[in-house]
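*Asks:* Pasting query.cif below, which is mmCIF, N, CA and C atoms.
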```cif
data_data
#
loop_
_atom_site.label_atom_id
_atom_site.label_comp_id
_atom_site.auth_asym_id
_atom_site.auth_seq_id
_atom_site.Cartn_x
_atom_site.Cartn_y
_atom_site.Cartn_z
N MET A 1 12.88 26.54 -41.25
CA MET A 1 13.06 26.39 -39.81
C MET A 1 14.06 27.43 -39.34
N THR A 2 13.73 28.07 -38.26
CA THR A 2 14.55 29.15 -37.73
C THR A 2 15.20 28.71 -36.42
N TRP A 3 16.46 29.10 -36.24
CA TRP A 3 17.13 28.88 -34.95
C TRP A 3 16.59 29.90 -33.97
N LEU A 4 16.21 29.43 -32.78
CA LEU A 4 15.70 30.32 -31.73
C LEU A 4 16.63 30.27 -30.52
N ALA A 5 17.05 31.44 -30.06
CA ALA A 5 17.91 31.53 -28.87
C ALA A 5 17.07 31.19 -27.65
N VAL A 6 17.59 30.29 -26.80
CA VAL A 6 16.82 29.88 -25.62
C VAL A 6 17.50 30.24 -24.31
N LEU A 7 18.82 30.34 -24.29
CA LEU A 7 19.54 30.79 -23.11
C LEU A 7 21.01 31.03 -23.45
N ARG A 8 21.68 31.73 -22.55
CA ARG A 8 23.13 31.95 -22.74
C ARG A 8 23.84 30.61 -22.54
N ALA A 9 24.90 30.41 -23.28
CA ALA A 9 25.64 29.14 -23.20
C ALA A 9 26.13 28.86 -21.79
N ASP A 10 26.51 29.90 -21.04
CA ASP A 10 27.01 29.67 -19.67
C ASP A 10 25.89 29.30 -18.69
N GLU A 11 24.64 29.34 -19.13
CA GLU A 11 23.51 28.93 -18.30
C GLU A 11 23.17 27.44 -18.48
N LEU A 12 23.92 26.76 -19.34
CA LEU A 12 23.70 25.33 -19.56
C LEU A 12 24.94 24.56 -19.13
N PRO A 13 24.98 24.15 -17.86
CA PRO A 13 26.15 23.40 -17.39
C PRO A 13 26.19 22.02 -18.04
N ALA A 14 27.38 21.49 -18.16
CA ALA A 14 27.55 20.14 -18.71
C ALA A 14 26.83 19.13 -17.83
N ARG A 15 26.19 18.17 -18.47
CA ARG A 15 25.59 17.00 -17.82
C ARG A 15 24.45 17.35 -16.86
N THR A 16 23.78 18.49 -17.08
CA THR A 16 22.67 18.89 -16.23
C THR A 16 21.44 19.10 -17.10
N PRO A 17 20.47 18.18 -17.09
CA PRO A 17 19.25 18.39 -17.88
C PRO A 17 18.58 19.71 -17.47
N THR A 18 18.25 20.52 -18.46
CA THR A 18 17.74 21.86 -18.22
C THR A 18 16.51 22.10 -19.08
N ALA A 19 15.44 22.59 -18.46
CA ALA A 19 14.19 22.85 -19.18
C ALA A 19 14.18 24.27 -19.74
N VAL A 20 13.71 24.40 -20.97
CA VAL A 20 13.49 25.69 -21.62
C VAL A 20 12.17 25.61 -22.38
N GLU A 21 11.69 26.76 -22.79
CA GLU A 21 10.50 26.78 -23.64
C GLU A 21 10.90 27.32 -24.99
N VAL A 22 10.51 26.61 -26.04
CA VAL A 22 10.86 26.99 -27.41
C VAL A 22 9.56 27.08 -28.21
N ALA A 23 9.18 28.28 -28.58
CA ALA A 23 7.98 28.48 -29.39
C ALA A 23 6.76 27.76 -28.80
N GLY A 24 6.58 27.89 -27.48
CA GLY A 24 5.44 27.29 -26.81
C GLY A 24 5.58 25.81 -26.52
N ARG A 25 6.76 25.26 -26.72
CA ARG A 25 7.00 23.82 -26.52
C ARG A 25 8.04 23.66 -25.43
N PHE A 26 7.79 22.79 -24.43
CA PHE A 26 8.77 22.53 -23.39
C PHE A 26 9.83 21.58 -23.94
N VAL A 27 11.08 21.99 -23.81
CA VAL A 27 12.21 21.23 -24.36
C VAL A 27 13.24 21.04 -23.25
N CYS A 28 13.87 19.89 -23.24
CA CYS A 28 14.96 19.60 -22.30
C CYS A 28 16.27 19.67 -23.07
N LEU A 29 17.24 20.36 -22.51
CA LEU A 29 18.57 20.46 -23.11
C LEU A 29 19.57 19.71 -22.24
N VAL A 30 20.52 19.05 -22.89
CA VAL A 30 21.61 18.39 -22.19
C VAL A 30 22.90 18.65 -22.97
N ARG A 31 23.92 19.12 -22.26
CA ARG A 31 25.24 19.32 -22.88
C ARG A 31 26.11 18.12 -22.50
N LEU A 32 26.58 17.40 -23.52
CA LEU A 32 27.48 16.26 -23.34
C LEU A 32 28.68 16.42 -24.25
N GLU A 33 29.86 16.34 -23.67
CA GLU A 33 31.10 16.39 -24.45
C GLU A 33 31.10 17.53 -25.45
N GLY A 34 30.59 18.69 -25.02
CA GLY A 34 30.60 19.89 -25.85
C GLY A 34 29.41 20.04 -26.77
N ALA A 35 28.69 18.99 -27.05
CA ALA A 35 27.52 19.07 -27.93
C ALA A 35 26.26 19.30 -27.10
N VAL A 36 25.31 20.03 -27.68
CA VAL A 36 24.04 20.28 -27.02
C VAL A 36 22.98 19.41 -27.69
N HIS A 37 22.21 18.72 -26.87
CA HIS A 37 21.14 17.84 -27.35
C HIS A 37 19.81 18.38 -26.84
N ALA A 38 18.77 18.29 -27.67
CA ALA A 38 17.46 18.83 -27.32
C ALA A 38 16.37 17.82 -27.65
N PHE A 39 15.39 17.72 -26.77
CA PHE A 39 14.26 16.82 -26.97
C PHE A 39 13.10 17.31 -26.12
N ASP A 40 11.88 16.87 -26.47
CA ASP A 40 10.71 17.29 -25.70
C ASP A 40 10.90 16.92 -24.23
N ASP A 41 10.46 17.82 -23.36
CA ASP A 41 10.68 17.67 -21.92
C ASP A 41 9.51 16.97 -21.22
N ALA A 42 8.95 15.96 -21.86
CA ALA A 42 7.89 15.18 -21.21
C ALA A 42 8.06 13.73 -21.63
N CYS A 43 8.12 12.88 -20.65
CA CYS A 43 8.24 11.45 -20.91
C CYS A 43 7.01 10.99 -21.69
N PRO A 44 7.19 10.27 -22.80
CA PRO A 44 6.02 9.82 -23.57
C PRO A 44 5.18 8.78 -22.82
N HIS A 45 5.70 8.21 -21.74
CA HIS A 45 4.98 7.19 -20.99
C HIS A 45 4.09 7.82 -19.91
N ARG A 46 4.70 8.51 -18.96
CA ARG A 46 3.94 9.10 -17.84
C ARG A 46 3.86 10.62 -17.91
N ARG A 47 4.48 11.22 -18.92
CA ARG A 47 4.45 12.67 -19.16
C ARG A 47 5.13 13.48 -18.06
N TRP A 48 6.04 12.85 -17.32
CA TRP A 48 6.78 13.55 -16.27
C TRP A 48 7.91 14.33 -16.94
N PRO A 49 8.25 15.52 -16.46
CA PRO A 49 9.33 16.30 -17.08
C PRO A 49 10.66 15.56 -17.01
N LEU A 50 11.29 15.43 -18.15
CA LEU A 50 12.54 14.70 -18.21
C LEU A 50 13.71 15.47 -17.62
N HIS A 51 13.61 16.79 -17.52
CA HIS A 51 14.72 17.54 -16.92
C HIS A 51 14.89 17.19 -15.44
N GLU A 52 13.88 16.55 -14.84
CA GLU A 52 13.98 16.11 -13.45
C GLU A 52 14.57 14.70 -13.35
N GLY A 53 14.90 14.11 -14.48
CA GLY A 53 15.43 12.75 -14.49
C GLY A 53 16.88 12.68 -14.05
N ARG A 54 17.42 11.46 -14.07
CA ARG A 54 18.81 11.22 -13.66
C ARG A 54 19.63 10.90 -14.91
N LEU A 55 20.74 11.60 -15.07
CA LEU A 55 21.63 11.41 -16.21
C LEU A 55 22.86 10.63 -15.77
N ALA A 56 23.13 9.53 -16.46
CA ALA A 56 24.34 8.73 -16.21
C ALA A 56 24.97 8.46 -17.57
N GLY A 57 26.11 9.08 -17.80
CA GLY A 57 26.71 8.98 -19.13
C GLY A 57 25.81 9.70 -20.12
N ASN A 58 25.40 8.99 -21.15
CA ASN A 58 24.48 9.58 -22.13
C ASN A 58 23.05 9.07 -21.96
N VAL A 59 22.77 8.41 -20.82
CA VAL A 59 21.46 7.81 -20.58
C VAL A 59 20.69 8.63 -19.54
N LEU A 60 19.49 9.04 -19.92
CA LEU A 60 18.61 9.79 -19.03
C LEU A 60 17.48 8.86 -18.58
N THR A 61 17.30 8.76 -17.27
CA THR A 61 16.23 7.93 -16.70
C THR A 61 15.14 8.84 -16.16
N CYS A 62 13.90 8.59 -16.59
CA CYS A 62 12.77 9.38 -16.11
C CYS A 62 12.61 9.18 -14.61
N ARG A 63 12.33 10.25 -13.92
CA ARG A 63 12.17 10.22 -12.47
C ARG A 63 10.91 9.45 -12.05
N ALA A 64 9.90 9.42 -12.91
CA ALA A 64 8.62 8.79 -12.56
C ALA A 64 8.66 7.27 -12.64
N HIS A 65 9.64 6.72 -13.37
CA HIS A 65 9.73 5.26 -13.54
C HIS A 65 11.11 4.94 -14.08
N THR A 66 11.30 3.81 -14.68
CA THR A 66 12.65 3.41 -15.08
C THR A 66 12.89 3.44 -16.59
N TRP A 67 12.07 4.15 -17.34
CA TRP A 67 12.34 4.24 -18.78
C TRP A 67 13.61 5.05 -18.97
N GLU A 68 14.44 4.61 -19.90
CA GLU A 68 15.73 5.25 -20.16
C GLU A 68 15.88 5.57 -21.64
N TRP A 69 16.50 6.72 -21.91
CA TRP A 69 16.76 7.14 -23.29
C TRP A 69 18.20 7.57 -23.46
N ASP A 70 18.70 7.41 -24.68
CA ASP A 70 19.98 7.96 -25.07
C ASP A 70 19.70 9.40 -25.48
N VAL A 71 20.24 10.37 -24.75
CA VAL A 71 19.93 11.78 -25.02
C VAL A 71 20.52 12.26 -26.34
N ARG A 72 21.48 11.53 -26.88
CA ARG A 72 22.08 11.94 -28.15
C ARG A 72 21.18 11.62 -29.33
N THR A 73 20.37 10.56 -29.22
CA THR A 73 19.55 10.11 -30.35
C THR A 73 18.07 10.11 -30.05
N GLY A 74 17.69 10.11 -28.76
CA GLY A 74 16.29 9.99 -28.37
C GLY A 74 15.81 8.55 -28.31
N GLU A 75 16.70 7.60 -28.61
CA GLU A 75 16.33 6.19 -28.63
C GLU A 75 15.99 5.66 -27.24
N LEU A 76 14.88 4.92 -27.15
CA LEU A 76 14.49 4.27 -25.91
C LEU A 76 15.37 3.05 -25.71
N LEU A 77 15.91 2.89 -24.53
CA LEU A 77 16.81 1.78 -24.22
C LEU A 77 16.14 0.80 -23.28
N ARG A 78 16.41 -0.47 -23.43
CA ARG A 78 15.99 -1.54 -22.51
C ARG A 78 14.47 -1.67 -22.32
N MET A 79 13.69 -1.28 -23.27
CA MET A 79 12.25 -1.46 -23.18
C MET A 79 11.77 -2.04 -24.51
N ARG A 80 10.60 -2.65 -24.51
CA ARG A 80 10.06 -3.24 -25.73
C ARG A 80 9.31 -2.24 -26.60
N ALA A 81 8.64 -1.27 -25.97
CA ALA A 81 7.84 -0.32 -26.73
C ALA A 81 8.75 0.67 -27.48
N PRO A 82 8.40 1.03 -28.69
CA PRO A 82 9.24 1.95 -29.48
C PRO A 82 8.95 3.42 -29.18
N GLU A 83 9.02 3.82 -27.94
CA GLU A 83 8.69 5.19 -27.55
C GLU A 83 9.95 6.06 -27.51
N CYS A 84 10.42 6.46 -28.67
CA CYS A 84 11.58 7.33 -28.73
C CYS A 84 11.17 8.76 -28.38
N LEU A 85 12.15 9.56 -28.01
CA LEU A 85 11.89 10.96 -27.72
C LEU A 85 11.82 11.76 -29.02
N VAL A 86 11.04 12.82 -29.00
CA VAL A 86 11.03 13.74 -30.13
C VAL A 86 12.23 14.65 -29.93
N THR A 87 13.19 14.55 -30.84
CA THR A 87 14.42 15.34 -30.72
C THR A 87 14.35 16.57 -31.61
N HIS A 88 15.19 17.54 -31.28
CA HIS A 88 15.26 18.80 -32.03
C HIS A 88 16.72 19.14 -32.26
N GLU A 89 16.99 19.92 -33.28
CA GLU A 89 18.35 20.38 -33.52
C GLU A 89 18.72 21.40 -32.44
N ALA A 90 19.95 21.34 -31.98
CA ALA A 90 20.43 22.31 -30.98
C ALA A 90 21.88 22.61 -31.26
N ARG A 91 22.28 23.81 -30.91
CA ARG A 91 23.67 24.20 -31.10
C ARG A 91 24.02 25.35 -30.16
N GLU A 92 25.32 25.54 -29.98
CA GLU A 92 25.82 26.72 -29.30
C GLU A 92 26.41 27.61 -30.37
N HIS A 93 25.97 28.87 -30.42
CA HIS A 93 26.40 29.79 -31.47
C HIS A 93 26.60 31.18 -30.87
N ASP A 94 27.81 31.69 -30.95
CA ASP A 94 28.12 33.03 -30.42
C ASP A 94 27.70 33.20 -28.97
N GLY A 95 27.97 32.18 -28.14
CA GLY A 95 27.70 32.27 -26.72
C GLY A 95 26.24 32.07 -26.33
N VAL A 96 25.43 31.59 -27.27
CA VAL A 96 24.01 31.38 -27.02
C VAL A 96 23.64 29.96 -27.44
N VAL A 97 22.77 29.32 -26.66
CA VAL A 97 22.24 28.01 -27.04
C VAL A 97 20.99 28.27 -27.88
N GLU A 98 20.95 27.65 -29.05
CA GLU A 98 19.83 27.82 -29.97
C GLU A 98 19.21 26.46 -30.27
N VAL A 99 17.90 26.47 -30.50
CA VAL A 99 17.16 25.25 -30.83
C VAL A 99 16.34 25.53 -32.08
N ARG A 100 16.23 24.51 -32.90
CA ARG A 100 15.41 24.60 -34.11
C ARG A 100 14.42 23.44 -34.08
N VAL A 101 13.12 23.77 -34.02
CA VAL A 101 12.06 22.76 -34.00
C VAL A 101 11.51 22.62 -35.41
N ASP A 102 11.53 21.41 -35.92
CA ASP A 102 11.00 21.13 -37.25
C ASP A 102 9.48 21.32 -37.24
N PRO A 103 8.94 22.11 -38.16
CA PRO A 103 7.48 22.31 -38.18
C PRO A 103 6.72 21.00 -38.42
N GLU A 104 7.40 19.99 -38.94
CA GLU A 104 6.77 18.69 -39.18
C GLU A 104 6.91 17.74 -37.97
N ALA A 105 7.53 18.22 -36.90
CA ALA A 105 7.70 17.38 -35.71
C ALA A 105 6.33 17.01 -35.15
N PRO A 106 6.23 15.82 -34.55
CA PRO A 106 4.95 15.45 -33.91
C PRO A 106 4.59 16.46 -32.84
N ALA A 107 3.31 16.54 -32.54
CA ALA A 107 2.86 17.44 -31.48
C ALA A 107 3.59 17.10 -30.19
N ALA A 108 3.88 18.12 -29.41
CA ALA A 108 4.60 17.93 -28.15
C ALA A 108 3.75 17.13 -27.18
N THR A 109 4.42 16.27 -26.40
CA THR A 109 3.75 15.56 -25.32
C THR A 109 3.62 16.55 -24.16
N GLU A 110 2.41 16.78 -23.72
CA GLU A 110 2.19 17.71 -22.62
C GLU A 110 2.67 17.10 -21.31
N ARG A 111 3.15 17.96 -20.42
CA ARG A 111 3.57 17.49 -19.10
C ARG A 111 2.35 17.02 -18.30
N SER A 112 2.58 16.10 -17.41
CA SER A 112 1.53 15.51 -16.58
C SER A 112 0.82 16.57 -15.73
N GLU A 113 -0.50 16.50 -15.69
CA GLU A 113 -1.27 17.39 -14.82
C GLU A 113 -0.95 17.10 -13.36
N LEU A 114 -0.71 15.85 -13.04
CA LEU A 114 -0.34 15.46 -11.68
C LEU A 114 0.95 16.18 -11.27
N TRP A 115 1.93 16.21 -12.17
CA TRP A 115 3.19 16.91 -11.90
C TRP A 115 2.93 18.40 -11.70
N ALA A 116 2.12 18.99 -12.57
CA ALA A 116 1.83 20.43 -12.48
C ALA A 116 1.15 20.77 -11.16
N ARG A 117 0.20 19.94 -10.73
CA ARG A 117 -0.47 20.20 -9.45
C ARG A 117 0.50 20.06 -8.28
N ALA A 118 1.39 19.08 -8.35
CA ALA A 118 2.37 18.89 -7.27
C ALA A 118 3.29 20.10 -7.18
N ARG A 119 3.75 20.63 -8.33
CA ARG A 119 4.63 21.80 -8.32
C ARG A 119 3.90 23.04 -7.81
N ALA A 120 2.64 23.19 -8.17
CA ALA A 120 1.85 24.34 -7.70
C ALA A 120 1.67 24.27 -6.18
N ARG A 121 1.41 23.06 -5.65
CA ARG A 121 1.25 22.88 -4.21
C ARG A 121 2.56 23.19 -3.49
N GLU A 122 3.69 22.74 -4.04
CA GLU A 122 4.99 23.01 -3.43
C GLU A 122 5.25 24.52 -3.40
N ALA A 123 4.91 25.22 -4.48
CA ALA A 123 5.12 26.66 -4.54
C ALA A 123 4.26 27.37 -3.51
N GLN A 124 3.04 26.92 -3.35
CA GLN A 124 2.12 27.50 -2.36
C GLN A 124 2.67 27.30 -0.94
N GLU A 125 3.14 26.10 -0.66
CA GLU A 125 3.65 25.79 0.68
C GLU A 125 4.91 26.58 1.00
N SER A 126 5.77 26.77 0.01
CA SER A 126 7.00 27.52 0.28
C SER A 126 6.73 29.02 0.40
N ALA A 127 5.64 29.50 -0.18
CA ALA A 127 5.28 30.92 -0.07
C ALA A 127 4.61 31.23 1.26
N ALA A 128 4.07 30.21 1.90
CA ALA A 128 3.34 30.41 3.16
C ALA A 128 4.26 30.57 4.34
#
```
Before anything else, please render the file you have as structure tokens.
*Replies:*
Amino acid sequence: MTWLAVLRADELPARTPTAVEVAGRFVCLVRLEGAVHAFDDACPHRRWPLHEGRLAGNVLTCRAHTWEWDVRTGELLRMRAPECLVTHEAREHDGVVEVRVDPEAPAATERSELWARARAREAQESAA
């Protein structure tokens, strides 16, 4: 497994979920208390991008509904279904945020087509 540079460390503000692409996979990064956490950027339930969610402490709530995860572990909180997030190793090294995706990791959850169409429509409207 290789560490891949995804952005400069100063481009990842603390407590702000941030989307990046790592080897063709959408990943959400969160910096908490100096540590960088990485996980797939699609909710396993509705496939909405998690970087658009709300972060309170170490808990990220999906914008599409009320599923909540601990961003440090990927553990699903307060729900019965065992839908944990697929997490990845992340670190800050020499002023760069790096992510390492395990080749044995489950296939990435694709983002919702509904979300993609909504974003495309918004981009079209703002360009007009």
*Asks:* Find the residue from A:Leu50, A:Ala5, A:Ala56, A:Val99 that sits nearest to Thr18 (chain A); use all atoms listed in the file when measuring.
*Replies:* A:Leu50
*Asks:* For the file shown, what are the residues hit by the PyMOL selection byres (((chain A and resi 47 and name CA) around 8) and name CA), laid out as a list in words?
*Replies:*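 So the PyMOL selection byres (((chain A and resi 47 and name CA) around 8) and name CA), applied here, picks out Ala42, Cys43, Pro44, His45, Arg46, Trp48, Pro49, Thr109, Glu110, Arg111 and Ser112 of chain A.
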*Asks:* Which residues match the PyMOL selection byres (((chain A and resi 39 and name CA) around 7) and name CA) in the file above, as a VMD selection string?
*Replies:* chain A and resid 27 to 29 37 to 38 40 to 41 85 to 88
*Asks:* Print the selection's residues with N, CA and C atoms to a file, as an mmCIF file, in the coordinates of the input.
*Replies:*
```
data_model
loop_
_atom_site.group_PDB
_atom_site.id
_atom_site.type_symbol
_atom_site.label_atom_id
_atom_site.label_comp_id
_atom_site.auth_asym_id
_atom_site.auth_seq_id
_atom_site.Cartn_x
_atom_site.Cartn_y
_atom_site.Cartn_z
ATOM 1 N N VAL A 27 11.080 21.990 -23.810
ATOM 2 C CA VAL A 27 12.210 21.230 -24.360
ATOM 3 C C VAL A 27 13.240 21.040 -23.250
ATOM 4 N N CYS A 28 13.870 19.890 -23.240
ATOM 5 C CA CYS A 28 14.960 19.600 -22.300
ATOM 6 C C CYS A 28 16.270 19.670 -23.070
ATOM 7 N N LEU A 29 17.240 20.360 -22.510
ATOM 8 C CA LEU A 29 18.570 20.460 -23.110
ATOM 9 C C LEU A 29 19.570 19.710 -22.240
ATOM 10 N N HIS A 37 22.210 18.720 -26.870
ATOM 11 C CA HIS A 37 21.140 17.840 -27.350
ATOM 12 C C HIS A 37 19.810 18.380 -26.840
ATOM 13 N N ALA A 38 18.770 18.290 -27.670
ATOM 14 C CA ALA A 38 17.460 18.830 -27.320
ATOM 15 C C ALA A 38 16.370 17.820 -27.650
ATOM 16 N N ASP A 40 11.880 16.870 -26.470
ATOM 17 C CA ASP A 40 10.710 17.290 -25.700
ATOM 18 C C ASP A 40 10.900 16.920 -24.230
ATOM 19 N N ASP A 41 10.460 17.820 -23.360
ATOM 20 C CA ASP A 41 10.680 17.670 -21.920
ATOM 21 C C ASP A 41 9.510 16.970 -21.220
ATOM 22 N N LEU A 85 12.150 9.560 -28.010
ATOM 23 C CA LEU A 85 11.890 10.960 -27.720
ATOM 24 C C LEU A 85 11.820 11.760 -29.020
ATOM 25 N N VAL A 86 11.040 12.820 -29.000
ATOM 26 C CA VAL A 86 11.030 13.740 -30.130
ATOM 27 C C VAL A 86 12.230 14.650 -29.930
ATOM 28 N N THR A 87 13.190 14.550 -30.840
ATOM 29 C CA THR A 87 14.420 15.340 -30.720
ATOM 30 C C THR A 87 14.350 16.570 -31.610
ATOM 31 N N HIS A 88 15.190 17.540 -31.280
ATOM 32 C CA HIS A 88 15.260 18.800 -32.030
ATOM 33 C C HIS A 88 16.720 19.140 -32.260
#
```
*Asks:* May I ask for the distance between atom C of Asp70 (chain A) and CA of Ala116 (chain A), given in Å to one decimal place?
*Replies:* 24.7 Å
*Asks:* Running DSSP on the backbone, which parts of chain A land in helix (DSSP H, G or I), as an MDAnalysis selection string?
*Replies:* chainID A and resid 9:11 50:52 113:127
*Asks:* I'd like to see the residues matched by the PyMOL selection byres (((chain A and resi 76 and name CA) around 12) and name CA) on this file, and ideally I'd get them as number ranges by chain.
*Replies:* A: 43-45, 58-62, 66-75, 77-86
*Asks:* Env of Arg31 (chain A): 6 Å cut, atoms = only C-alpha atoms, seq-sep filter 5 positions within chain, self excluded. Answer as a list in words.
*Replies:* Ala14, Arg15 and Val36 of chain A
*Asks:* With N, CA and C atoms retained, could you export that selection as a PDB file, in the coordinates of the input?
*Replies:*
```pdb
ATOM      1  N   ALA A  14      27.380  21.490 -18.160  1.00  0.00           N
ATOM      2  CA  ALA A  14      27.550  20.140 -18.710  1.00  0.00           C
ATOM      3  C   ALA A  14      26.830  19.130 -17.830  1.00  0.00           C
ATOM      4  N   ARG A  15      26.190  18.170 -18.470  1.00  0.00           N
ATOM      5  CA  ARG A  15      25.590  17.000 -17.820  1.00  0.00           C
ATOM      6  C   ARG A  15      24.450  17.350 -16.860  1.00  0.00           C
ATOM      7  N   VAL A  36      25.310  20.030 -27.680  1.00  0.00           N
ATOM      8  CA  VAL A  36      24.040  20.280 -27.020  1.00  0.00           C
ATOM      9  C   VAL A  36      22.980  19.410 -27.690  1.00  0.00           C
TER      10      VAL A  36
END
```
*Asks:* Have a look at atom N of Leu12 (chain A) and atom C of Ala105 (chain A) and let me know their distance in Å, one decimal.
*Replies:*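 Taking atom N of Leu12 (chain A) as the start and atom C of Ala105 (chain A) as the end point, the length is 25.6 Å.
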*Asks:* Just give me the gap between atom C of Arg119 (chain A) and CA of Glu52 (chain A) in Å, one decimal is fine.
*Replies:*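 CA of Glu52 (chain A) lies 13.5 Å from atom C of Arg119 (chain A).
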*Asks:* Which residue, A:Val20, A:Ala35, A:Met1, A:Arg8, has the smallest gap to Ala90 (chain A) when you use all atoms listed in the file?
*Replies:* A:Ala35
*Asks:* Let me make sure I understand: among A:Ala118, A:Ala19, A:Leu7, A:Ala108, which one has the smallest atom-to-atom distance to Asp94 (chain A) if we use only C-alpha atoms?
*Replies:*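 When distances to Asp94 (chain A) are compared using only C-alpha atoms, the smallest one comes from A:Leu7.
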*Asks:* Nearest to Glu89 (chain A): which of A:Ala120, A:Leu4, A:Leu32, A:Ala64 is it, counting only C-alpha atoms?
*Replies:*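 Using only C-alpha atoms, the shortest distance to Glu89 (chain A) belongs to A:Leu4.
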*Asks:* Once you've located region 2-24 of chain A in the structure I gave, write it as a PDB file, in the first residue's frame, keeping N, CA and C atoms.
*Replies:*
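The file below, decode-v9.pdb, is the result:
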```
ATOM      1  N   THR A   2       0.545   2.166  -0.831  1.00  0.00           N
ATOM      2  CA  THR A   2       1.330   3.379  -0.996  1.00  0.00           C
ATOM      3  C   THR A   2       0.573   4.572  -0.441  1.00  0.00           C
ATOM      4  N   TRP A   3       1.306   5.470   0.218  1.00  0.00           N
ATOM      5  CA  TRP A   3       0.721   6.739   0.658  1.00  0.00           C
ATOM      6  C   TRP A   3       0.586   7.635  -0.556  1.00  0.00           C
ATOM      7  N   LEU A   4      -0.594   8.232  -0.739  1.00  0.00           N
ATOM      8  CA  LEU A   4      -0.840   9.140  -1.857  1.00  0.00           C
ATOM      9  C   LEU A   4      -1.144  10.537  -1.326  1.00  0.00           C
ATOM     10  N   ALA A   5      -0.430  11.533  -1.836  1.00  0.00           N
ATOM     11  CA  ALA A   5      -0.677  12.928  -1.448  1.00  0.00           C
ATOM     12  C   ALA A   5      -1.995  13.373  -2.050  1.00  0.00           C
ATOM     13  N   VAL A   6      -2.855  13.975  -1.218  1.00  0.00           N
ATOM     14  CA  VAL A   6      -4.168  14.400  -1.711  1.00  0.00           C
ATOM     15  C   VAL A   6      -4.376  15.902  -1.653  1.00  0.00           C
ATOM     16  N   LEU A   7      -3.712  16.594  -0.727  1.00  0.00           N
ATOM     17  CA  LEU A   7      -3.769  18.047  -0.674  1.00  0.00           C
ATOM     18  C   LEU A   7      -2.743  18.570   0.330  1.00  0.00           C
ATOM     19  N   ARG A   8      -2.483  19.866   0.233  1.00  0.00           N
ATOM     20  CA  ARG A   8      -1.565  20.487   1.203  1.00  0.00           C
ATOM     21  C   ARG A   8      -2.254  20.507   2.564  1.00  0.00           C
ATOM     22  N   ALA A   9      -1.482  20.361   3.609  1.00  0.00           N
ATOM     23  CA  ALA A   9      -2.037  20.321   4.964  1.00  0.00           C
ATOM     24  C   ALA A   9      -2.829  21.585   5.289  1.00  0.00           C
ATOM     25  N   ASP A  10      -2.390  22.743   4.784  1.00  0.00           N
ATOM     26  CA  ASP A  10      -3.108  23.988   5.087  1.00  0.00           C
ATOM     27  C   ASP A  10      -4.437  24.096   4.332  1.00  0.00           C
ATOM     28  N   GLU A  11      -4.728  23.154   3.440  1.00  0.00           N
ATOM     29  CA  GLU A  11      -6.005  23.126   2.730  1.00  0.00           C
ATOM     30  C   GLU A  11      -7.057  22.286   3.460  1.00  0.00           C
ATOM     31  N   LEU A  12      -6.673  21.713   4.602  1.00  0.00           N
ATOM     32  CA  LEU A  12      -7.614  20.913   5.390  1.00  0.00           C
ATOM     33  C   LEU A  12      -7.810  21.579   6.744  1.00  0.00           C
ATOM     34  N   PRO A  13      -8.803  22.464   6.841  1.00  0.00           N
ATOM     35  CA  PRO A  13      -9.047  23.131   8.118  1.00  0.00           C
ATOM     36  C   PRO A  13      -9.583  22.135   9.148  1.00  0.00           C
ATOM     37  N   ALA A  14      -9.327  22.422  10.397  1.00  0.00           N
ATOM     38  CA  ALA A  14      -9.835  21.578  11.477  1.00  0.00           C
ATOM     39  C   ALA A  14     -11.355  21.567  11.452  1.00  0.00           C
ATOM     40  N   ARG A  15     -11.931  20.399  11.697  1.00  0.00           N
ATOM     41  CA  ARG A  15     -13.369  20.214  11.897  1.00  0.00           C
ATOM     42  C   ARG A  15     -14.214  20.552  10.666  1.00  0.00           C
ATOM     43  N   THR A  16     -13.622  20.467   9.473  1.00  0.00           N
ATOM     44  CA  THR A  16     -14.356  20.745   8.244  1.00  0.00           C
ATOM     45  C   THR A  16     -14.263  19.537   7.324  1.00  0.00           C
ATOM     46  N   PRO A  17     -15.336  18.744   7.193  1.00  0.00           N
ATOM     47  CA  PRO A  17     -15.292  17.604   6.278  1.00  0.00           C
ATOM     48  C   PRO A  17     -14.948  18.084   4.863  1.00  0.00           C
ATOM     49  N   THR A  18     -13.976  17.428   4.250  1.00  0.00           N
ATOM     50  CA  THR A  18     -13.442  17.856   2.965  1.00  0.00           C
ATOM     51  C   THR A  18     -13.352  16.663   2.022  1.00  0.00           C
ATOM     52  N   ALA A  19     -13.871  16.813   0.814  1.00  0.00           N
ATOM     53  CA  ALA A  19     -13.844  15.734  -0.177  1.00  0.00           C
ATOM     54  C   ALA A  19     -12.570  15.796  -1.004  1.00  0.00           C
ATOM     55  N   VAL A  20     -11.984  14.630  -1.243  1.00  0.00           N
ATOM     56  CA  VAL A  20     -10.838  14.476  -2.136  1.00  0.00           C
ATOM     57  C   VAL A  20     -11.055  13.203  -2.948  1.00  0.00           C
ATOM     58  N   GLU A  21     -10.264  13.054  -3.988  1.00  0.00           N
ATOM     59  CA  GLU A  21     -10.300  11.814  -4.755  1.00  0.00           C
ATOM     60  C   GLU A  21      -8.961  11.121  -4.584  1.00  0.00           C
ATOM     61  N   VAL A  22      -9.009   9.842  -4.249  1.00  0.00           N
ATOM     62  CA  VAL A  22      -7.799   9.052  -4.016  1.00  0.00           C
ATOM     63  C   VAL A  22      -7.873   7.820  -4.911  1.00  0.00           C
ATOM     64  N   ALA A  23      -7.022   7.773  -5.912  1.00  0.00           N
ATOM     65  CA  ALA A  23      -6.963   6.617  -6.814  1.00  0.00           C
ATOM     66  C   ALA A  23      -8.351   6.244  -7.349  1.00  0.00           C
ATOM     67  N   GLY A  24      -9.109   7.256  -7.784  1.00  0.00           N
ATOM     68  CA  GLY A  24     -10.424   7.028  -8.354  1.00  0.00           C
ATOM     69  C   GLY A  24     -11.530   6.788  -7.341  1.00  0.00           C
TER      70      GLY A  24
END
```
